[in-house]
Amino acid sequence: MKNLILVTIVLGLFSLGCSGILRSINSGNRRIQSYGDNEANGSPVVDPVEAQFRDQMAELVRHARLSCVNGDRSEADRLFTDDYVGVYDDGDRISKKYLLDHIHKDTDFISLTVENSRILSHDQTTAQLQCTLVGKFTDQNEYFDGVYSFVNKRGYWQISGFKGHAHQTAPDSK
């Protein structure tokens, strides 16, 4: 039975290679494998390792924002690098010190999601993730559209920067 499964896997991989479906996409210093087309929407299917890394970075962004809306200064201090800078398209620059000085528990907070995330580049020590962070509050919704930068320091990832756009809307208008 094990041999039958192995033969099936080998034949499947061979047919993928022979039909030219397997292709490499170069992303920064990391090569990402894309396997065929997603039959549902025609987009490439991303390598599972790359998808897992993207999801981990998206969760780090979500967790960092949660620490801010929950007023958890020690968690935010751990998740952002000391030299963190957020640069917004209107010219505002937010440092880690400013961020920590202005953290407070937001009692209007409802939920937080990361949408449309994709890895722009990554290697062993740095990464960039483009995404939209969506916060739902009772009186407004907030959106952070842009690129988050990360560094791997002493074996764990931290957010080192953000560059993009932040805006707010009325609840459920977007």
# chains A, B, ... in the order shown; residues from 1 in each chain; ligands from 1

$ closest_atom_pairs --of "stretch 84-129 of chain A" --to "stretch 50-58 of chain A" --cutoff "12 Å" --atoms "only C-alpha atoms" --output "JSON lines"
{"residue": "A:Leu112", "atom": "CA", "partner": "A:Ala58", "partner_atom": "CA", "distance": 11.4}
{"residue": "A:Thr113", "atom": "CA", "partner": "A:Ala58", "partner_atom": "CA", "distance": 9.1}
{"residue": "A:Val114", "atom": "CA", "partner": "A:Ala58", "partner_atom": "CA", "distance": 6.4}
{"residue": "A:Glu115", "atom": "CA", "partner": "A:Ala58", "partner_atom": "CA", "distance": 8.6}
{"residue": "A:Asn116", "atom": "CA", "partner": "A:Ala58", "partner_atom": "CA", "distance": 9.8}
{"residue": "A:Ser117", "atom": "CA", "partner": "A:Ala58", "partner_atom": "CA", "distance": 6.9}
{"residue": "A:Arg118", "atom": "CA", "partner": "A:Arg54", "partner_atom": "CA", "distance": 6.4}
{"residue": "A:Ile119", "atom": "CA", "partner": "A:Arg54", "partner_atom": "CA", "distance": 5.9}
{"residue": "A:Leu120", "atom": "CA", "partner": "A:Arg54", "partner_atom": "CA", "distance": 9.6}
{"residue": "A:Ser121", "atom": "CA", "partner": "A:Arg54", "partner_atom": "CA", "distance": 10.3}
{"residue": "A:His122", "atom": "CA", "partner": "A:Phe53", "partner_atom": "CA", "distance": 9.5}
{"residue": "A:Asp123", "atom": "CA", "partner": "A:Phe53", "partner_atom": "CA", "distance": 11.0}
{"residue": "A:Gln124", "atom": "CA", "partner": "A:Phe53", "partner_atom": "CA", "distance": 11.6}
{"residue": "A:Thr126", "atom": "CA", "partner": "A:Met57", "partner_atom": "CA", "distance": 11.2}
{"residue": "A:Ala127", "atom": "CA", "partner": "A:Met57", "partner_atom": "CA", "distance": 8.7}
{"residue": "A:Gln128", "atom": "CA", "partner": "A:Met57", "partner_atom": "CA", "distance": 8.7}
{"residue": "A:Leu129", "atom": "CA", "partner": "A:Met57", "partner_atom": "CA", "distance": 7.1}

$ residues_around --residues "A:His104" --least-positions-apart "4" --cutoff "7 Å" --atoms "only C-alpha atoms" --output "count of residues only"
4

$ residues_around --residues "A:Leu60" --least-positions-apart "3" --cutoff "8 Å" --atoms "only C-alpha atoms" --output "list in words"
Gln56, Met57, His63, Ala64, Leu79, Gln158 and Ile159 of chain A

$ atom_distance --atom1 "atom CA of A:Lys136" --atom2 "atom CA of A:Ala166"
13.7 Å

$ residues_around --residues "A:Ala170" --least-positions-apart "4" --cutoff "10 Å" --atoms "only C-alpha atoms" --output "ChimeraX atom specification"
/A:136-142,174

$ residues_around --residues "A:Val147" --least-positions-apart "2" --cutoff "6 Å" --atoms "only C-alpha atoms" --output "PyMOL selection string"
chain A and resi 129-130+162-163

$ select_by_dssp --residues "stretch 51-122 of chain A" --states "alpha helix (DSSP H)" --output "count of residues only"
32

$ residues_around --residues "A:Gly86" --least-positions-apart "4" --cutoff "9 Å" --atoms "only C-alpha atoms" --output "CSV table (one decimal) with C-alpha atoms, in the first residue's frame"
chain,number,residue,atom,x,y,z
A,92,ASP,CA,3.0,61.5,9.7
A,93,ARG,CA,5.7,59.4,11.3
A,94,ILE,CA,5.0,57.3,14.4
A,95,SER,CA,7.9,55.9,16.5
A,96,LYS,CA,7.7,53.0,18.9
A,148,TYR,CA,4.8,46.1,7.0
A,160,SER,CA,10.2,47.2,12.2
A,161,GLY,CA,8.1,49.5,10.1
A,162,PHE,CA,4.9,50.4,8.3
A,163,LYS,CA,4.4,52.5,5.2
A,164,GLY,CA,1.0,53.2,3.8

$ atom_distance --atom1 "atom CA of A:Arg62" --atom2 "atom CA of A:Thr132"
10.2 Å

$ closest_residue --among "A:Glu59, A:Arg73, A:Asp89, A:Tyr143" --to "A:Thr169" --atoms "only C-alpha atoms"
A:Tyr143

$ atom_distance --atom1 "atom CA of A:Phe109" --atom2 "atom CA of A:Val151"
28.4 Å
